[in-house]
>>> print(open('input.cif').read())   # mmCIF, C-alpha atoms
data_coords
#
loop_
_atom_site.label_atom_id
_atom_site.label_comp_id
_atom_site.auth_asym_id
_atom_site.auth_seq_id
_atom_site.Cartn_x
_atom_site.Cartn_y
_atom_site.Cartn_z
CA MET C 29 0.00 0.00 0.00
CA SER C 30 1.47 3.40 -1.00
CA PHE C 31 0.32 6.65 0.57
CA THR C 32 1.31 10.06 1.88
CA VAL C 33 1.60 10.03 5.66
CA GLY C 34 -0.72 12.51 7.35
CA ALA C 35 -1.83 13.31 10.86
CA HIS C 36 -4.11 10.27 11.18
CA SER C 37 -2.24 7.76 9.01
CA ALA C 38 -0.69 5.81 11.88
CA ARG C 39 -4.10 5.28 13.47
CA HIS C 40 -5.56 3.96 10.21
CA VAL C 41 -2.56 1.73 9.51
CA ARG C 42 -2.71 0.30 13.04
CA ARG C 43 -6.36 -0.58 12.44
CA ILE C 44 -5.48 -2.28 9.15
CA ALA C 45 -2.61 -4.21 10.78
CA ARG C 46 -4.86 -5.27 13.67
CA SER C 47 -7.42 -6.55 11.17
CA PHE C 48 -4.84 -8.63 9.29
CA LEU C 49 -3.35 -10.03 12.50
CA SER C 50 -6.81 -11.04 13.67
CA GLU C 51 -7.57 -12.73 10.36
CA TRP C 52 -4.19 -14.49 10.44
CA GLU C 53 -4.94 -15.63 14.01
CA MET C 54 -1.92 -13.77 15.41
CA PRO C 55 -3.54 -11.28 17.81
CA GLU C 56 -0.66 -11.69 20.28
CA LEU C 57 1.53 -9.73 17.86
CA THR C 58 -0.78 -6.72 17.72
CA ASP C 59 0.91 -4.51 20.33
CA ALA C 60 4.41 -5.01 18.88
CA VAL C 61 3.31 -4.51 15.26
CA GLU C 62 1.23 -1.43 16.08
CA LEU C 63 4.08 0.20 18.01
CA GLY C 64 6.63 -0.63 15.30
CA VAL C 65 4.43 0.68 12.49
CA THR C 66 3.71 3.87 14.43
CA GLU C 67 7.42 4.55 14.94
CA LEU C 68 8.35 3.87 11.30
CA LEU C 69 5.57 6.15 10.04
CA ALA C 70 6.66 8.85 12.50
CA ASN C 71 10.12 8.66 10.93
CA VAL C 72 8.57 9.24 7.50
CA VAL C 73 6.79 12.34 8.81
CA ARG C 74 10.00 13.70 10.37
CA HIS C 75 12.57 12.80 7.74
CA VAL C 76 10.95 12.31 4.31
CA PRO C 77 10.24 15.66 2.62
CA ASP C 78 7.19 14.55 0.61
CA ARG C 79 5.96 12.09 3.29
CA ARG C 80 5.30 9.42 0.65
CA CYS C 81 5.92 5.82 1.57
CA ALA C 82 4.91 2.26 0.83
CA LEU C 83 3.94 -0.21 3.53
CA LEU C 84 4.16 -3.98 3.31
CA LEU C 85 2.65 -6.23 5.97
CA GLU C 86 3.71 -9.79 5.20
CA ARG C 87 2.57 -12.94 6.94
CA GLN C 88 5.38 -15.37 7.62
CA ALA C 89 5.34 -18.96 8.85
CA ASP C 90 5.88 -17.93 12.46
CA GLY C 91 5.02 -14.23 12.51
CA VAL C 92 4.91 -11.00 10.56
CA ARG C 93 7.32 -8.80 8.62
CA VAL C 94 6.59 -5.08 8.26
CA GLU C 95 8.39 -2.88 5.74
CA VAL C 96 8.15 0.86 5.20
CA ALA C 97 9.87 2.14 2.06
CA ASP C 98 10.37 5.71 0.89
CA ASP C 99 12.36 7.68 -1.69
CA CYS C 100 14.62 9.50 0.79
CA PRO C 101 18.18 8.13 0.52
CA ALA C 102 19.22 9.07 4.07
CA LEU C 103 19.41 5.91 6.20
CA PRO C 104 18.18 6.12 9.78
CA VAL C 105 20.65 5.52 12.58
CA LEU C 106 19.99 3.80 15.87
CA GLY C 107 20.50 6.65 18.30
CA ASP C 108 21.52 6.97 21.91
CA PRO C 109 19.41 9.91 23.05
CA GLY C 110 19.98 11.44 26.44
CA PRO C 111 17.30 11.25 29.12
CA ASP C 112 16.04 14.75 28.31
CA ALA C 113 15.93 14.28 24.52
CA GLU C 114 12.49 14.74 22.98
CA GLY C 115 13.14 12.33 20.11
CA GLY C 116 15.54 9.77 18.77
CA ARG C 117 14.01 6.70 20.39
CA GLY C 118 11.93 5.36 17.49
CA LEU C 119 14.35 2.71 16.27
CA LEU C 120 15.20 1.79 19.86
CA LEU C 121 11.52 1.02 20.39
CA VAL C 122 11.34 -0.95 17.14
CA ALA C 123 14.38 -2.97 18.22
CA ALA C 124 12.81 -3.59 21.64
CA VAL C 125 9.50 -4.96 20.32
CA SER C 126 10.82 -6.94 17.37
CA ASP C 127 12.87 -10.09 16.92
CA LYS C 128 14.98 -8.44 14.25
CA TRP C 129 14.98 -5.27 12.20
CA GLY C 130 17.06 -3.55 9.60
CA VAL C 131 17.38 -0.85 7.01
CA GLY C 132 18.78 -0.84 3.52
CA PRO C 133 18.84 1.05 0.26
CA ARG C 134 16.31 0.22 -2.46
CA ILE C 135 17.50 -0.47 -5.98
CA GLU C 136 15.16 2.21 -7.35
CA GLY C 137 16.41 4.73 -4.80
CA GLY C 138 15.45 5.53 -1.27
CA LYS C 139 15.39 2.99 1.54
CA THR C 140 13.36 0.32 3.27
CA VAL C 141 13.15 0.00 7.04
CA TRP C 142 11.75 -3.30 8.26
CA PHE C 143 11.12 -5.39 11.35
CA GLU C 144 9.93 -8.90 12.09
CA VAL C 145 7.95 -10.21 15.04
CA SER C 146 7.40 -13.91 15.65
CA SER C 147 4.69 -15.72 17.53
CA ALA C 148 7.37 -17.61 19.43
CA ARG C 149 8.46 -14.45 21.27
#
>>> encode(input="input.cif", output="structure tokens")
Amino acid sequence: MSFTVGAHSARHVRRIARSFLSEWEMPELTDAVELGVTELLANVVRHVPDRRCALLLERQADGVRVEVADDCPALPVLGDPGPDAEGGRGLLLVAAVSDKWGVGPRIEGGKTVWFEVSSAR
């Protein structure tokens, strides 16, 4: 699904993800997937000038993979924000709720940030 991220996009995408997880009989993954998606979309809002992205929610044998791709070539960096910092914790949260995550350039330009959550967690 491709879209421009707006003020209410994360709420709508969380609802869509919740629906898929319910249909796939993986409701135990809902909290982790919703938090991860919210953080990745927040990064699009903050760092992608046109706020356009593509989202992939993929069912796997033992869980779910979520990808958010955009045309901005700048790769995000896992930060170490101080206790008073107002931002910089998004990828730390994604890392905390997922089994694995990563980021890489896309062949057509831009990048993809992804995470996976398994039912075995």
>>> closest_residue(input="input.cif", among="C:Met29, C:Leu103, C:Met54, C:Ala60", to="Asp90 of chain C", atoms="only C-alpha atoms")
C:Met54
>>> closest_residue(input="input.cif", among="C:Ala70, C:Val92, C:Ala97, C:His40", to="Phe143 of chain C", atoms="only C-alpha atoms")
C:Val92
>>> closest_residue(input="input.cif", among="C:Ala38, C:Ala89, C:Ile44, C:Val33", to="Val76 of chain C", atoms="all atoms listed in the file")
C:Val33
>>> resolve_selection(input="input.cif", expression="the PyMOL selection byres ((chain C and resi 52) around 12)", output="NGL selection string")
:C and (45-51 or 53-58 or 85-92 or 147)
>>> closest_residue(input="input.cif", among="C:Ser146, C:Thr32, C:Ser37, C:Thr140", to="Ser126 of chain C", atoms="all atoms listed in the file")
C:Ser146
>>> residues_around(input="input.cif", residues="Arg74 of chain C", least_positions_apart="4", cutoff="12 Å", atoms="all atoms listed in the file", output="VMD selection string")
chain C and resid 33 to 35 67 to 70 78 to 80 100 104 115 to 116 118
>>> residues_around(input="input.cif", residues="Ala82 of chain C", least_positions_apart="6", cutoff="8 Å", atoms="all atoms listed in the file", output="PyMOL selection string")
chain C and resi 29-31+95-98
>>> axis_aligned_box(input="input.cif", around="segment 40-44 of chain C", padding_each_side="4 Å", output="JSON")
{"center_x": -4.5, "center_y": 0.8, "center_z": 11.1, "size_x": 11.8, "size_y": 14.2, "size_z": 11.9}
>>> atom_distance(input="input.cif", atom1="atom CA of Val61 of chain C", atom2="atom CA of Gly107 of chain C")
20.7 Å
>>> resolve_selection(input="input.cif", expression="the PyMOL selection byres ((chain C and resi 135) around 12)", output="number ranges by chain")
C: 97-99, 101, 132-134, 136-140
>>> atom_distance(input="input.cif", atom1="atom CA of His36 of chain C", atom2="atom CA of Gly130 of chain C")
25.3 Å
>>> closest_residue(input="input.cif", among="C:Val122, C:Trp129, C:Val105, C:Val65", to="Leu83 of chain C", atoms="only C-alpha atoms")
C:Val65
>>> atom_distance(input="input.cif", atom1="atom CA of Arg42 of chain C", atom2="atom CA of Glu62 of chain C")
5.3 Å
>>> closest_residue(input="input.cif", among="C:Cys81, C:Val145, C:Val73, C:Val41", to="Ala123 of chain C", atoms="all atoms listed in the file")
C:Val145
>>> decode(input="input.cif", residues="segment 64-100 of chain C", atoms="N, CA, C and O atoms", output="tab-separated table (two decimals), in the first residue's frame")
chain	number	residue	atom	x	y	z
C	64	GLY	N	5.60	-0.71	16.35
C	64	GLY	CA	6.63	-0.63	15.30
C	64	GLY	C	6.18	0.18	14.11
C	64	GLY	O	6.91	1.04	13.61
C	65	VAL	N	4.97	-0.06	13.63
C	65	VAL	CA	4.43	0.68	12.49
C	65	VAL	C	4.32	2.17	12.83
C	65	VAL	O	4.68	3.02	12.02
C	66	THR	N	3.84	2.47	14.02
C	66	THR	CA	3.71	3.87	14.43
C	66	THR	C	5.06	4.58	14.40
C	66	THR	O	5.17	5.71	13.90
C	67	GLU	N	6.08	3.93	14.91
C	67	GLU	CA	7.42	4.55	14.94
C	67	GLU	C	7.98	4.73	13.54
C	67	GLU	O	8.57	5.77	13.22
C	68	LEU	N	7.81	3.74	12.66
C	68	LEU	CA	8.35	3.87	11.30
C	68	LEU	C	7.61	4.97	10.53
C	68	LEU	O	8.24	5.72	9.77
C	69	LEU	N	6.31	5.08	10.72
C	69	LEU	CA	5.57	6.15	10.04
C	69	LEU	C	5.93	7.52	10.62
C	69	LEU	O	6.00	8.51	9.88
C	70	ALA	N	6.20	7.59	11.91
C	70	ALA	CA	6.66	8.85	12.50
C	70	ALA	C	7.98	9.28	11.88
C	70	ALA	O	8.21	10.48	11.66
C	71	ASN	N	8.85	8.34	11.59
C	71	ASN	CA	10.12	8.66	10.93
C	71	ASN	C	9.89	9.22	9.53
C	71	ASN	O	10.61	10.11	9.09
C	72	VAL	N	8.90	8.69	8.82
C	72	VAL	CA	8.57	9.24	7.50
C	72	VAL	C	8.13	10.69	7.64
C	72	VAL	O	8.59	11.57	6.90
C	73	VAL	N	7.28	10.97	8.59
C	73	VAL	CA	6.79	12.34	8.81
C	73	VAL	C	7.97	13.27	9.10
C	73	VAL	O	8.05	14.38	8.58
C	74	ARG	N	8.89	12.83	9.94
C	74	ARG	CA	10.00	13.70	10.37
C	74	ARG	C	11.10	13.85	9.33
C	74	ARG	O	11.75	14.89	9.28
C	75	HIS	N	11.35	12.81	8.54
C	75	HIS	CA	12.57	12.80	7.74
C	75	HIS	C	12.38	12.69	6.24
C	75	HIS	O	13.36	12.81	5.50
C	76	VAL	N	11.18	12.44	5.75
C	76	VAL	CA	10.95	12.31	4.31
C	76	VAL	C	10.20	13.55	3.84
C	76	VAL	O	9.05	13.78	4.24
C	77	PRO	N	10.84	14.38	3.00
C	77	PRO	CA	10.24	15.66	2.62
C	77	PRO	C	8.82	15.57	2.06
C	77	PRO	O	7.96	16.37	2.44
C	78	ASP	N	8.53	14.61	1.19
C	78	ASP	CA	7.19	14.55	0.61
C	78	ASP	C	6.24	13.62	1.38
C	78	ASP	O	5.08	13.48	1.02
C	79	ARG	N	6.74	12.98	2.42
C	79	ARG	CA	5.96	12.09	3.29
C	79	ARG	C	5.33	10.90	2.57
C	79	ARG	O	4.40	10.29	3.06
C	80	ARG	N	5.82	10.58	1.39
C	80	ARG	CA	5.30	9.42	0.65
C	80	ARG	C	6.04	8.18	1.09
C	80	ARG	O	7.25	8.19	1.28
C	81	CYS	N	5.29	7.09	1.22
C	81	CYS	CA	5.92	5.82	1.57
C	81	CYS	C	5.06	4.67	1.07
C	81	CYS	O	3.93	4.86	0.62
C	82	ALA	N	5.63	3.50	1.14
C	82	ALA	CA	4.91	2.26	0.83
C	82	ALA	C	5.05	1.35	2.03
C	82	ALA	O	6.12	1.26	2.64
C	83	LEU	N	3.97	0.69	2.38
C	83	LEU	CA	3.94	-0.21	3.53
C	83	LEU	C	3.65	-1.61	3.05
C	83	LEU	O	2.77	-1.83	2.21
C	84	LEU	N	4.39	-2.57	3.58
C	84	LEU	CA	4.16	-3.98	3.31
C	84	LEU	C	4.00	-4.69	4.64
C	84	LEU	O	4.85	-4.56	5.53
C	85	LEU	N	2.90	-5.39	4.80
C	85	LEU	CA	2.65	-6.23	5.97
C	85	LEU	C	2.58	-7.65	5.42
C	85	LEU	O	1.67	-7.98	4.66
C	86	GLU	N	3.57	-8.46	5.80
C	86	GLU	CA	3.71	-9.79	5.20
C	86	GLU	C	3.61	-10.88	6.26
C	86	GLU	O	4.37	-10.88	7.24
C	87	ARG	N	2.70	-11.78	6.05
C	87	ARG	CA	2.57	-12.94	6.94
C	87	ARG	C	3.71	-13.90	6.66
C	87	ARG	O	4.05	-14.17	5.51
C	88	GLN	N	4.31	-14.38	7.73
C	88	GLN	CA	5.38	-15.37	7.62
C	88	GLN	C	4.95	-16.63	8.36
C	88	GLN	O	3.94	-16.62	9.08
C	89	ALA	N	5.70	-17.69	8.23
C	89	ALA	CA	5.34	-18.96	8.85
C	89	ALA	C	5.13	-18.82	10.35
C	89	ALA	O	4.21	-19.41	10.92
C	90	ASP	N	5.97	-18.03	11.00
C	90	ASP	CA	5.88	-17.93	12.46
C	90	ASP	C	5.67	-16.50	12.95
C	90	ASP	O	5.89	-16.19	14.11
C	91	GLY	N	5.22	-15.60	12.08
C	91	GLY	CA	5.02	-14.23	12.51
C	91	GLY	C	4.71	-13.29	11.37
C	91	GLY	O	4.07	-13.67	10.40
C	92	VAL	N	5.22	-12.07	11.50
C	92	VAL	CA	4.91	-11.00	10.56
C	92	VAL	C	6.17	-10.18	10.26
C	92	VAL	O	7.00	-9.98	11.14
C	93	ARG	N	6.28	-9.74	9.02
C	93	ARG	CA	7.32	-8.80	8.62
C	93	ARG	C	6.62	-7.53	8.17
C	93	ARG	O	5.63	-7.58	7.43
C	94	VAL	N	7.13	-6.40	8.63
C	94	VAL	CA	6.59	-5.08	8.26
C	94	VAL	C	7.72	-4.31	7.60
C	94	VAL	O	8.83	-4.25	8.13
C	95	GLU	N	7.42	-3.72	6.44
C	95	GLU	CA	8.39	-2.88	5.74
C	95	GLU	C	7.77	-1.53	5.43
C	95	GLU	O	6.61	-1.46	5.03
C	96	VAL	N	8.55	-0.48	5.62
C	96	VAL	CA	8.15	0.86	5.20
C	96	VAL	C	9.26	1.38	4.30
C	96	VAL	O	10.42	1.48	4.71
C	97	ALA	N	8.90	1.67	3.05
C	97	ALA	CA	9.87	2.14	2.06
C	97	ALA	C	9.53	3.56	1.65
C	97	ALA	O	8.36	3.95	1.62
C	98	ASP	N	10.58	4.34	1.36
C	98	ASP	CA	10.37	5.71	0.89
C	98	ASP	C	11.49	6.08	-0.08
C	98	ASP	O	12.42	5.30	-0.27
C	99	ASP	N	11.38	7.25	-0.68
C	99	ASP	CA	12.36	7.68	-1.69
C	99	ASP	C	13.51	8.49	-1.13
C	99	ASP	O	14.37	8.93	-1.88
C	100	CYS	N	13.55	8.71	0.17
C	100	CYS	CA	14.62	9.50	0.79
C	100	CYS	C	15.85	8.60	0.97
C	100	CYS	O	15.76	7.54	1.60
